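Chemist: Below is a structure I'd like to ask you about.
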Amino acid sequence: MIEYPLDGVCFDGAGDTGRQLPGSAMHGYTRLVVWLLLLSSSSPCFGHVTSDSDVQCLKDLKQSVIDPNGVLEASWSFSNNGIDGYICRFTGVECWHPDQNRVLGLRLGNLGLEGLFPPGLHLCSFMTALDMSGNNFSGPLPEHIFEQMGYMTYLDLSNNSFSGVIPAGIGNMTYLSTLALQHNQFAGGIPAQLGNTSQLISFNVADNSLSGPVLDSLQRFPATNFTANPGLCGPPLDKRCKKRFRVRIHVRLVRTREMFVRIQKLLHRINDASIIGALAGFIFGFMVAFYFPHKFLFCGRL
């Protein structure tokens with residue numbers, strides 16, 4: 001792991017440069033990015049900062065999820081609004097600084113929460129870690145919400161019942177180092193945009209309903225991180241991707257096109273021959289009727 005000198009920097013009002021940030025597996029580059037964010041947005045050395053959007057983020061989350069065990073209901077009380085850093089004492093909430101209402105990470109794993117993916121999470125604009133694993137969340141993931149969470153380094157949605165496709169917007173998370181989507185009901189292919197997330201050091205989509213080939217850039221992860229997806233193929237899995245299906249479709253299209261051209265030419269020939277035959281028959285009949293009129297007179301009057 002790369003280390004960066006942090007001498008003389010004020011953290012948490014106590015000069016603590018060694019506290020663990022969300023996603024302990026983050027490598028040096030990601031830690032540097034988070035450190036710069038900390039300096040620019042929340043360190044006491046740079047002035048007092050609060051964020052109303054982060055408070056609204058948590059309010060929307062609490063209202064949108066089902067909390068059968070009453071965990072959030074008991075801990076997340078917004079009656080202390082106006083007290084600096086009061087949301088930092090909420091269950092599962094980690095703040096950049098204990099005296100500032102700015103969310104660093106949400107650890108909401110294994111709380112028995114239910115419902116759809118909370119749509120207001122993008123309001124926690126400086127959040128770097130989100131853990132919603134081991135709950136009963138279901139339904140599709142919002143398509144564009146992850147494009148608004150640009151500082152995310154750690155995303156764990158495993159062991160839920162999320163369905164639909166994996167949003168391509170996750171691939172726009174430039175600093176994402178951990179992505180855990182295993183044990184859900186995702187379908188479709190792995191978005192090609194995930195091939196751009198070069199910072200990924202942990203990736204798991206096992207036990208879903210995914211199909212198609214594993215991206216080349218993701219083949220460095222173990223095969224167990226892709227298993228229990230009947231439609232997935234290619235390395236590191238032992239199942240090879242079938243290419244004959246595309247070849248057959250191509251051949252059939254070519255043959256169908258050739259047959260159509262032949263039929264079209266044949267119809268043109270038949271049409272031309274019919275016109276010539278009809279014209280020749282008309283001329284022949286006219287000549288016979290003109291030169292041999294007695295052949296067509298069956299009545300004296302005619």
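The chains in the structure tokens are called A, B, ... from first to last as shown; in each chain the residues are counted from 1, and the ligands are counted from 1 in the order shown.
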Give the alpha helix (DSSP H) residues of region 70-291 of chain A, as DSSP finds them on the backbone, and put them as a PyMOL selection string.

Modeler: chain A and resi 71-75+244-291

Chemist: Residues of region 46-235 of chain A in strand (DSSP E or B) according to DSSP, as a VMD selection string?

Modeler: chain A and resid 66 93 to 95 103 to 107 114 to 115 129 to 131 136 to 139 154 to 156 161 to 164 178 to 180 185 to 188 202 to 204 209 to 213 231 to 233

Chemist: I'd like the neighbourhood of region 123-138 of chain A as a PDB file with C-alpha atoms, in the first residue's frame, where a residue qualifies if any of its atoms comes within 8 Å (using only C-alpha atoms), though same-chain residues fewer than 4 positions away should be ignored.

Modeler:
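Heads up, here's the output in out09.pdb:
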ATOM      1  CA  PRO A  22     -14.838   3.102   4.957  1.00  0.00           C
ATOM      2  CA  GLY A  23     -13.580   0.239   2.830  1.00  0.00           C
ATOM      3  CA  VAL A  34     -10.595  10.655   0.202  1.00  0.00           C
ATOM      4  CA  SER A  53     -28.595  18.103   2.085  1.00  0.00           C
ATOM      5  CA  ASP A  54     -27.004  15.326   4.158  1.00  0.00           C
ATOM      6  CA  GLN A  56     -32.372  15.619   4.138  1.00  0.00           C
ATOM      7  CA  CYS A  57     -30.672  12.528   2.720  1.00  0.00           C
ATOM      8  CA  ARG A 102     -21.737  15.598   6.702  1.00  0.00           C
ATOM      9  CA  VAL A 103     -22.123  11.869   6.009  1.00  0.00           C
ATOM     10  CA  LEU A 104     -18.961   9.926   5.283  1.00  0.00           C
ATOM     11  CA  GLY A 105     -20.538   6.460   5.192  1.00  0.00           C
ATOM     12  CA  LEU A 106     -23.708   4.510   5.945  1.00  0.00           C
ATOM     13  CA  ARG A 107     -23.373   1.085   7.587  1.00  0.00           C
ATOM     14  CA  LEU A 108     -26.889  -0.324   7.406  1.00  0.00           C
ATOM     15  CA  GLY A 109     -26.088  -4.002   6.991  1.00  0.00           C
ATOM     16  CA  ASN A 110     -28.207  -6.728   8.637  1.00  0.00           C
ATOM     17  CA  LEU A 111     -30.810  -4.401  10.144  1.00  0.00           C
ATOM     18  CA  GLY A 112     -33.828  -6.160   8.633  1.00  0.00           C
ATOM     19  CA  LEU A 113     -34.713  -3.172   6.453  1.00  0.00           C
ATOM     20  CA  GLU A 114     -37.149  -3.615   3.561  1.00  0.00           C
ATOM     21  CA  GLY A 115     -38.422  -1.731   0.539  1.00  0.00           C
ATOM     22  CA  LEU A 116     -36.956  -0.256  -2.621  1.00  0.00           C
ATOM     23  CA  PHE A 117     -33.565   1.350  -3.002  1.00  0.00           C
ATOM     24  CA  GLN A 148     -24.588  11.531  -8.720  1.00  0.00           C
ATOM     25  CA  MET A 149     -22.523   9.660  -6.121  1.00  0.00           C
ATOM     26  CA  GLY A 150     -19.151  10.354  -7.647  1.00  0.00           C
ATOM     27  CA  TYR A 151     -17.022   9.926  -4.504  1.00  0.00           C
ATOM     28  CA  MET A 152     -18.178   6.408  -3.668  1.00  0.00           C
ATOM     29  CA  THR A 153     -15.344   3.969  -2.993  1.00  0.00           C
ATOM     30  CA  TYR A 154     -17.242   1.159  -1.249  1.00  0.00           C
ATOM     31  CA  LEU A 155     -20.671  -0.179  -2.338  1.00  0.00           C
ATOM     32  CA  ASP A 156     -22.129  -3.352  -0.789  1.00  0.00           C
ATOM     33  CA  LEU A 157     -25.692  -4.336  -1.768  1.00  0.00           C
ATOM     34  CA  SER A 158     -25.210  -8.078  -1.351  1.00  0.00           C
ATOM     35  CA  ASN A 159     -27.665 -10.544   0.191  1.00  0.00           C
ATOM     36  CA  ASN A 160     -30.857  -8.734  -0.765  1.00  0.00           C
ATOM     37  CA  SER A 161     -33.511  -9.280  -3.445  1.00  0.00           C
ATOM     38  CA  PHE A 162     -32.607  -6.530  -5.872  1.00  0.00           C
ATOM     39  CA  SER A 163     -33.702  -7.314  -9.424  1.00  0.00           C
TER      40      SER A 163
END

Chemist: Quick one: pull the distance between CA of His144 (chain A) and CA of Tyr175 (chain A), Å, one decimal.

Modeler: 16.9 Å

Chemist: Just checking: using only C-alpha atoms, which residue out of A:Thr174, A:Asn229, A:Gln199, A:Asn80 ends up closest to Asn101 (chain A)?

Modeler: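 Closest candidate: A:Asn80.
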
Chemist: Might you pull out every residue within 12 Å of Phe90 (chain A), with only C-alpha atoms counted and same-chain residues fewer than 3 positions away left off, and present them as a ChimeraX atom specification?

Modeler: /A:55,58-59,62,71-78,80,85-87,93-95,98,101,103,105-108

Chemist: My list of candidates is A:Pro68, A:Pro191, A:Gly120, A:Gly231. Which is closest to Leu218 (chain A) when distances are computed with only C-alpha atoms?

Modeler: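 When distances to Leu218 (chain A) are compared using only C-alpha atoms, the smallest one comes from A:Pro191.
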
Chemist: Using CA of Arg220 (chain A) and CA of Leu237 (chain A) as the two end points, give the distance in Å to one decimal.

Modeler: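 Spanning CA of Arg220 (chain A) to CA of Leu237 (chain A) is a straight-line distance of 11.1 Å.
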